[in-house]
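Trainee: My structure is in my_file_32.txt, and what it holds is compact mmCIF, C-alpha atoms:
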# COMPACT_ATOMS: atom_id res chain seq x y z
CA MET A 1 148.06 -17.93 141.01
CA ARG A 2 149.09 -14.90 143.02
CA LEU A 3 150.57 -13.25 139.93
CA ASN A 4 148.90 -13.31 136.54
CA GLN A 5 152.16 -13.57 134.63
CA PRO A 6 155.56 -15.09 135.34
CA ARG A 7 158.38 -13.02 136.78
CA ILE A 8 160.83 -15.64 135.56
CA GLU A 9 160.08 -16.92 132.09
CA PRO A 10 159.65 -20.69 131.74
CA LEU A 11 162.01 -21.79 128.99
CA GLU A 12 160.89 -23.85 126.03
CA PRO A 13 163.13 -26.93 125.64
CA GLU A 14 164.97 -25.50 122.62
CA ARG A 15 165.96 -22.42 124.67
CA GLN A 16 167.27 -24.39 127.64
CA SER A 17 170.97 -24.82 128.27
CA ALA A 18 172.59 -28.13 127.45
CA GLU A 19 172.94 -28.72 131.21
CA ALA A 20 169.20 -28.24 131.81
CA GLN A 21 168.30 -30.42 128.83
CA GLU A 22 170.69 -33.13 129.97
CA PHE A 23 169.30 -33.08 133.50
CA THR A 24 165.66 -33.27 132.42
CA ALA A 25 166.27 -35.87 129.68
CA SER A 26 165.61 -38.72 132.10
CA MET A 27 162.25 -37.26 133.18
CA ALA A 28 158.97 -38.18 131.58
CA GLU A 29 158.03 -35.63 128.93
CA SER A 30 154.99 -34.57 130.98
CA ALA A 31 157.23 -33.74 133.98
CA ARG A 32 159.85 -32.02 131.84
CA ASN A 33 157.18 -29.74 130.38
CA LEU A 34 155.75 -28.58 133.70
CA ASN A 35 156.10 -24.85 134.17
CA ILE A 36 158.00 -25.40 137.43
CA MET A 37 160.68 -27.40 135.58
CA ARG A 38 160.75 -25.01 132.63
CA THR A 39 161.21 -22.12 135.09
CA LEU A 40 163.95 -23.90 137.03
CA ALA A 41 165.71 -24.49 133.71
CA GLN A 42 166.78 -20.84 134.07
CA HIS A 43 169.12 -22.07 136.86
CA PRO A 44 170.11 -25.67 136.03
CA GLN A 45 172.64 -26.01 138.87
CA LEU A 46 170.00 -25.10 141.44
CA MET A 47 167.47 -27.39 139.75
CA ARG A 48 169.89 -30.34 139.82
CA ARG A 49 170.71 -29.94 143.51
CA TRP A 50 167.15 -29.19 144.63
CA MET A 51 165.79 -32.23 142.78
CA VAL A 52 167.80 -34.61 144.97
CA PHE A 53 165.89 -33.45 148.03
CA ALA A 54 162.58 -33.05 146.18
CA ASN A 55 162.83 -36.62 144.87
CA HIS A 56 163.28 -37.94 148.41
CA ILE A 57 160.22 -36.12 149.67
CA LEU A 58 158.00 -37.00 146.73
CA GLY A 59 159.19 -40.51 145.94
CA LYS A 60 161.28 -41.99 148.72
CA SER A 61 159.71 -40.64 151.91
CA THR A 62 158.73 -43.09 154.63
CA LEU A 63 155.30 -41.44 154.85
CA PRO A 64 152.39 -43.15 153.12
CA VAL A 65 151.32 -41.23 150.01
CA ARG A 66 147.99 -40.09 151.49
CA GLU A 67 149.61 -38.60 154.61
CA ARG A 68 152.31 -36.95 152.49
CA GLU A 69 149.70 -35.38 150.25
CA LEU A 70 147.66 -34.13 153.22
CA LEU A 71 150.75 -32.27 154.44
CA ILE A 72 151.64 -30.93 150.99
CA LEU A 73 148.13 -29.74 150.20
CA ARG A 74 147.78 -28.12 153.62
CA ILE A 75 151.04 -26.17 153.39
CA GLY A 76 150.31 -25.27 149.77
CA HIS A 77 146.97 -23.83 150.85
CA LEU A 78 148.47 -22.01 153.85
CA CYS A 79 151.04 -20.43 151.51
CA GLN A 80 148.31 -19.65 148.96
CA SER A 81 150.32 -21.35 146.25
CA GLY A 82 147.79 -22.04 143.53
CA TYR A 83 150.30 -23.87 141.35
CA GLU A 84 151.37 -26.20 144.15
CA TRP A 85 147.77 -26.78 145.15
CA GLY A 86 146.69 -27.68 141.63
CA GLN A 87 149.57 -30.05 140.93
CA HIS A 88 149.02 -31.90 144.20
CA VAL A 89 145.26 -32.10 143.73
CA LEU A 90 146.10 -34.14 140.63
CA ILE A 91 148.62 -36.28 142.55
CA ALA A 92 146.19 -36.78 145.45
CA ARG A 93 143.45 -37.90 143.07
CA GLN A 94 145.86 -40.33 141.36
CA ALA A 95 146.60 -41.72 144.83
CA GLY A 96 142.88 -42.34 145.39
CA MET A 97 142.06 -39.40 147.65
CA THR A 98 138.52 -38.08 147.41
CA ASP A 99 137.61 -34.47 146.74
CA ALA A 100 136.24 -34.30 150.31
CA GLU A 101 139.65 -35.33 151.66
CA ILE A 102 141.32 -32.78 149.41
CA ARG A 103 138.91 -30.00 150.48
CA ALA A 104 139.70 -30.81 154.13
CA CYS A 105 143.25 -29.62 153.38
CA GLN A 106 141.83 -26.11 152.95
CA THR A 107 140.28 -25.99 156.42
CA GLY A 108 142.91 -28.18 158.06
CA SER A 109 142.68 -29.10 161.72
CA ALA A 110 139.40 -27.17 162.04
CA THR A 111 137.67 -29.63 159.69
CA PRO A 112 134.93 -31.55 161.54
CA GLY A 113 135.12 -35.34 161.70
CA LEU A 114 138.82 -35.83 161.02
CA SER A 115 140.66 -38.90 162.20
CA ASP A 116 143.17 -38.30 164.97
CA LEU A 117 146.11 -38.72 162.58
CA ASP A 118 144.69 -36.36 159.93
CA ARG A 119 144.01 -33.69 162.56
CA LEU A 120 147.54 -34.04 163.94
CA LEU A 121 149.13 -33.87 160.49
CA PHE A 122 147.20 -30.68 159.75
CA GLN A 123 148.14 -29.25 163.15
CA ALA A 124 151.81 -29.99 162.52
CA ALA A 125 151.69 -28.23 159.13
CA GLU A 126 149.86 -25.26 160.65
CA GLU A 127 152.28 -24.98 163.58
CA LEU A 128 155.32 -25.23 161.33
CA HIS A 129 153.86 -22.57 159.04
CA ASP A 130 152.92 -20.25 161.90
CA ASP A 131 155.83 -20.77 164.28
CA ALA A 132 158.49 -22.94 162.59
CA HIS A 133 157.94 -25.41 165.45
CA VAL A 134 155.74 -28.38 166.39
CA SER A 135 154.22 -28.21 169.86
CA ASP A 136 154.89 -30.98 172.38
CA ALA A 137 151.23 -32.04 172.30
CA THR A 138 151.15 -32.33 168.51
CA TRP A 139 154.51 -34.13 168.43
CA ALA A 140 153.43 -36.63 171.09
CA GLY A 141 150.18 -37.25 169.23
CA LEU A 142 151.97 -37.84 165.94
CA ALA A 143 154.46 -40.14 167.67
CA ARG A 144 151.54 -42.45 168.52
CA HIS A 145 150.99 -42.95 164.77
CA LEU A 146 154.39 -42.39 163.13
CA ASN A 147 157.86 -43.76 163.71
CA THR A 148 160.94 -41.55 164.04
CA GLN A 149 161.76 -41.54 160.33
CA GLN A 150 158.16 -40.72 159.45
CA LEU A 151 158.16 -37.86 161.95
CA MET A 152 161.32 -36.50 160.34
CA ASP A 153 159.89 -36.92 156.85
CA ALA A 154 156.70 -35.11 157.93
CA VAL A 155 158.65 -32.04 159.07
CA PHE A 156 160.85 -32.06 155.97
CA THR A 157 157.78 -32.49 153.73
CA VAL A 158 156.18 -29.36 155.15
CA GLY A 159 159.50 -27.50 154.90
CA GLN A 160 160.13 -28.61 151.31
CA TYR A 161 156.69 -27.55 150.13
CA ASN A 162 156.78 -24.31 152.10
CA LEU A 163 159.99 -23.50 150.21
CA VAL A 164 158.53 -24.60 146.87
CA SER A 165 155.35 -22.60 147.51
CA MET A 166 157.40 -19.49 148.24
CA ALA A 167 159.44 -19.96 145.06
CA LEU A 168 156.37 -20.62 142.89
CA ASN A 169 154.60 -17.57 144.29
CA ALA A 170 157.64 -15.29 144.02
CA PHE A 171 158.59 -16.45 140.51
CA GLY A 172 154.99 -16.20 139.29
CA VAL A 173 154.91 -19.75 137.94
CA GLN A 174 151.64 -20.10 136.05
CA GLY A 175 149.49 -23.20 135.94
CA GLU A 176 149.34 -25.41 132.91
CA GLU A 177 146.05 -25.61 131.05
CA GLY A 178 143.55 -27.72 132.98
CA LEU A 179 145.34 -27.46 136.32
CA PRO A 180 142.74 -27.59 139.12
CA GLY A 181 142.11 -24.39 141.04
CA TRP A 182 141.03 -23.82 144.63
CA GLU A 183 137.50 -25.06 143.96
CA VAL A 184 137.63 -28.85 144.27
Could you spell out this file's structure in structure tokens?

Mentor:
Amino acid sequence: MRLNQPRIEPLEPERQSAEAQEFTASMAESARNLNIMRTLAQHPQLMRRWMVFANHILGKSTLPVRERELLILRIGHLCQSGYEWGQHVLIARQAGMTDAEIRACQTGSATPGLSDLDRLLFQAAEELHDDAHVSDATWAGLARHLNTQQLMDAVFTVGQYNLVSMALNAFGVQGEEGLPGWEV
């Protein structure tokens, strides 16, 4: 984590507003108790509206899970968001990704031996992070592997997790016990 204590206190369920409790009631208890959700409970209207978009990216995207997680882990690393990194290491492992694949997200497009698609996904994340744009060469390469909706979801995935990484870093959201760190 970039900060060693939260700037915005994560609220215990009994201290959350009725609106926050109502919104999170449908979530699994493990999700409801994540520090990101407990922090967002400080602003339930924002949490409710943001979750619509977040749910598309995480659960309804046209990207295969592995490709989505490559993008998320890469942008999380580029933004130095330890919380985001750790949560998505867990998700990537649940999706069957190896630690070697996860570590490649730290070195990105410079990683030796990548497939063409993995290299292009990393390049897209790096270009969006550095310049808020995807070069013609990277776009054309991705278009050989992804359809139009997948290309759109790729850009929005990087944008969503860039935003989340900024919020996590700025708010000082701390990792839950056992959350993986940078060493994978």

Trainee: Could you check the closest approach to A:Glu176 for each of A:Leu46, A:Met152, A:Ile36, A:Ala18 and tell me which residue wins, using all atoms listed in the file?

Mentor: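 Among the listed residues, the smallest separation from A:Glu176 belongs to A:Ile36.
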
Trainee: Please provide as a PyMOL selection string all residues within 8 Å of A:Phe171, with the sequence filter that same-chain residues fewer than 6 positions apart are discarded (counting all atoms listed in the file).

Mentor: chain A and resi 6-8

Trainee: So, with all atoms listed in the file as the atoms that count, which of A:Gly113, A:Gly82, A:Pro44, A:Gly108 lies closest to A:Val164?

Mentor: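 Nearest candidate to A:Val164 out of A:Gly113, A:Gly82, A:Pro44, A:Gly108: A:Gly82.
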
Trainee: Name the residues within 12 Å of (154.3, -27.5, 163.8), counting only C-alpha atoms in the file's coordinates, and put them as a ChimeraX atom specification.

Mentor: /A:71,75,109,120-142,151-152,154-159

Trainee: Which residues, written as an mmCIF file with C-alpha atoms, in the frame of the given file, have at least one atom at most 9 Å from A:Ala110, with all atoms listed in the file counted and residues fewer than 3 positions away on the same chain left out?

Mentor:
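Contents of out_14.cif, freshly written:
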data_model
loop_
_atom_site.group_PDB
_atom_site.id
_atom_site.type_symbol
_atom_site.label_atom_id
_atom_site.label_comp_id
_atom_site.auth_asym_id
_atom_site.auth_seq_id
_atom_site.Cartn_x
_atom_site.Cartn_y
_atom_site.Cartn_z
ATOM 1 C CA ALA A 104 139.700 -30.810 154.130
ATOM 2 C CA THR A 107 140.280 -25.990 156.420
ATOM 3 C CA LEU A 114 138.820 -35.830 161.020
ATOM 4 C CA ARG A 119 144.010 -33.690 162.560
ATOM 5 C CA PHE A 122 147.200 -30.680 159.750
#

Trainee: Using all atoms listed in the file, which of A:Val184, A:Ala143, A:Leu168, A:Ala41 sits nearest A:Leu3?

Mentor: A:Leu168

Trainee: Of the candidates A:Arg48, A:Ala31, A:Phe23, A:Arg74, which shows the shortest atom-to-atom distance to A:Thr111, using all atoms listed in the file?

Mentor: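 Using all atoms listed in the file, the shortest distance to A:Thr111 belongs to A:Arg74.
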
Trainee: Pull out stretch 68-81 of chain A, keep N, CA, C and O atoms, and write it as a PDB file, in the first residue's frame.

Mentor:
ATOM      1  N   ARG A  68      -8.790 -10.223 -19.404  1.00  0.00           N
ATOM      2  CA  ARG A  68      -9.245  -9.148 -18.512  1.00  0.00           C
ATOM      3  C   ARG A  68      -8.290  -8.998 -17.336  1.00  0.00           C
ATOM      4  O   ARG A  68      -7.878  -7.893 -16.993  1.00  0.00           O
ATOM      5  N   GLU A  69      -7.911 -10.099 -16.733  1.00  0.00           N
ATOM      6  CA  GLU A  69      -7.020 -10.030 -15.577  1.00  0.00           C
ATOM      7  C   GLU A  69      -5.619  -9.565 -15.957  1.00  0.00           C
ATOM      8  O   GLU A  69      -4.968  -8.870 -15.177  1.00  0.00           O
ATOM      9  N   LEU A  70      -5.138  -9.911 -17.136  1.00  0.00           N
ATOM     10  CA  LEU A  70      -3.843  -9.377 -17.585  1.00  0.00           C
ATOM     11  C   LEU A  70      -3.886  -7.854 -17.621  1.00  0.00           C
ATOM     12  O   LEU A  70      -2.952  -7.186 -17.156  1.00  0.00           O
ATOM     13  N   LEU A  71      -4.967  -7.306 -18.175  1.00  0.00           N
ATOM     14  CA  LEU A  71      -5.107  -5.847 -18.248  1.00  0.00           C
ATOM     15  C   LEU A  71      -5.213  -5.227 -16.854  1.00  0.00           C
ATOM     16  O   LEU A  71      -4.575  -4.211 -16.562  1.00  0.00           O
ATOM     17  N   ILE A  72      -6.020  -5.832 -15.996  1.00  0.00           N
ATOM     18  CA  ILE A  72      -6.229  -5.273 -14.656  1.00  0.00           C
ATOM     19  C   ILE A  72      -4.939  -5.313 -13.850  1.00  0.00           C
ATOM     20  O   ILE A  72      -4.562  -4.322 -13.208  1.00  0.00           O
ATOM     21  N   LEU A  73      -4.265  -6.447 -13.878  1.00  0.00           N
ATOM     22  CA  LEU A  73      -3.011  -6.547 -13.116  1.00  0.00           C
ATOM     23  C   LEU A  73      -1.957  -5.593 -13.661  1.00  0.00           C
ATOM     24  O   LEU A  73      -1.210  -4.979 -12.886  1.00  0.00           O
ATOM     25  N   ARG A  74      -1.904  -5.440 -14.971  1.00  0.00           N
ATOM     26  CA  ARG A  74      -0.898  -4.529 -15.543  1.00  0.00           C
ATOM     27  C   ARG A  74      -1.166  -3.089 -15.133  1.00  0.00           C
ATOM     28  O   ARG A  74      -0.263  -2.375 -14.701  1.00  0.00           O
ATOM     29  N   ILE A  75      -2.414  -2.629 -15.247  1.00  0.00           N
ATOM     30  CA  ILE A  75      -2.692  -1.241 -14.876  1.00  0.00           C
ATOM     31  C   ILE A  75      -2.567  -1.063 -13.368  1.00  0.00           C
ATOM     32  O   ILE A  75      -2.084  -0.028 -12.892  1.00  0.00           O
ATOM     33  N   GLY A  76      -2.943  -2.055 -12.595  1.00  0.00           N
ATOM     34  CA  GLY A  76      -2.758  -1.973 -11.150  1.00  0.00           C
ATOM     35  C   GLY A  76      -1.297  -1.822 -10.778  1.00  0.00           C
ATOM     36  O   GLY A  76      -0.941  -1.033  -9.897  1.00  0.00           O
ATOM     37  N   HIS A  77      -0.430  -2.554 -11.480  1.00  0.00           N
ATOM     38  CA  HIS A  77       1.008  -2.433 -11.224  1.00  0.00           C
ATOM     39  C   HIS A  77       1.530  -1.075 -11.689  1.00  0.00           C
ATOM     40  O   HIS A  77       2.299  -0.427 -10.984  1.00  0.00           O
ATOM     41  N   LEU A  78       1.122  -0.642 -12.872  1.00  0.00           N
ATOM     42  CA  LEU A  78       1.571   0.667 -13.369  1.00  0.00           C
ATOM     43  C   LEU A  78       1.165   1.795 -12.428  1.00  0.00           C
ATOM     44  O   LEU A  78       1.900   2.766 -12.263  1.00  0.00           O
ATOM     45  N   CYS A  79       0.003   1.672 -11.804  1.00  0.00           N
ATOM     46  CA  CYS A  79      -0.480   2.691 -10.863  1.00  0.00           C
ATOM     47  C   CYS A  79       0.053   2.462  -9.445  1.00  0.00           C
ATOM     48  O   CYS A  79      -0.248   3.254  -8.547  1.00  0.00           O
ATOM     49  N   GLN A  80       0.826   1.391  -9.273  1.00  0.00           N
ATOM     50  CA  GLN A  80       1.366   1.038  -7.956  1.00  0.00           C
ATOM     51  C   GLN A  80       0.271   0.956  -6.900  1.00  0.00           C
ATOM     52  O   GLN A  80       0.402   1.462  -5.790  1.00  0.00           O
ATOM     53  N   SER A  81      -0.811   0.297  -7.274  1.00  0.00           N
ATOM     54  CA  SER A  81      -1.933   0.090  -6.368  1.00  0.00           C
ATOM     55  C   SER A  81      -1.817  -1.303  -5.755  1.00  0.00           C
ATOM     56  O   SER A  81      -2.277  -2.297  -6.338  1.00  0.00           O
TER      57      SER A  81
END
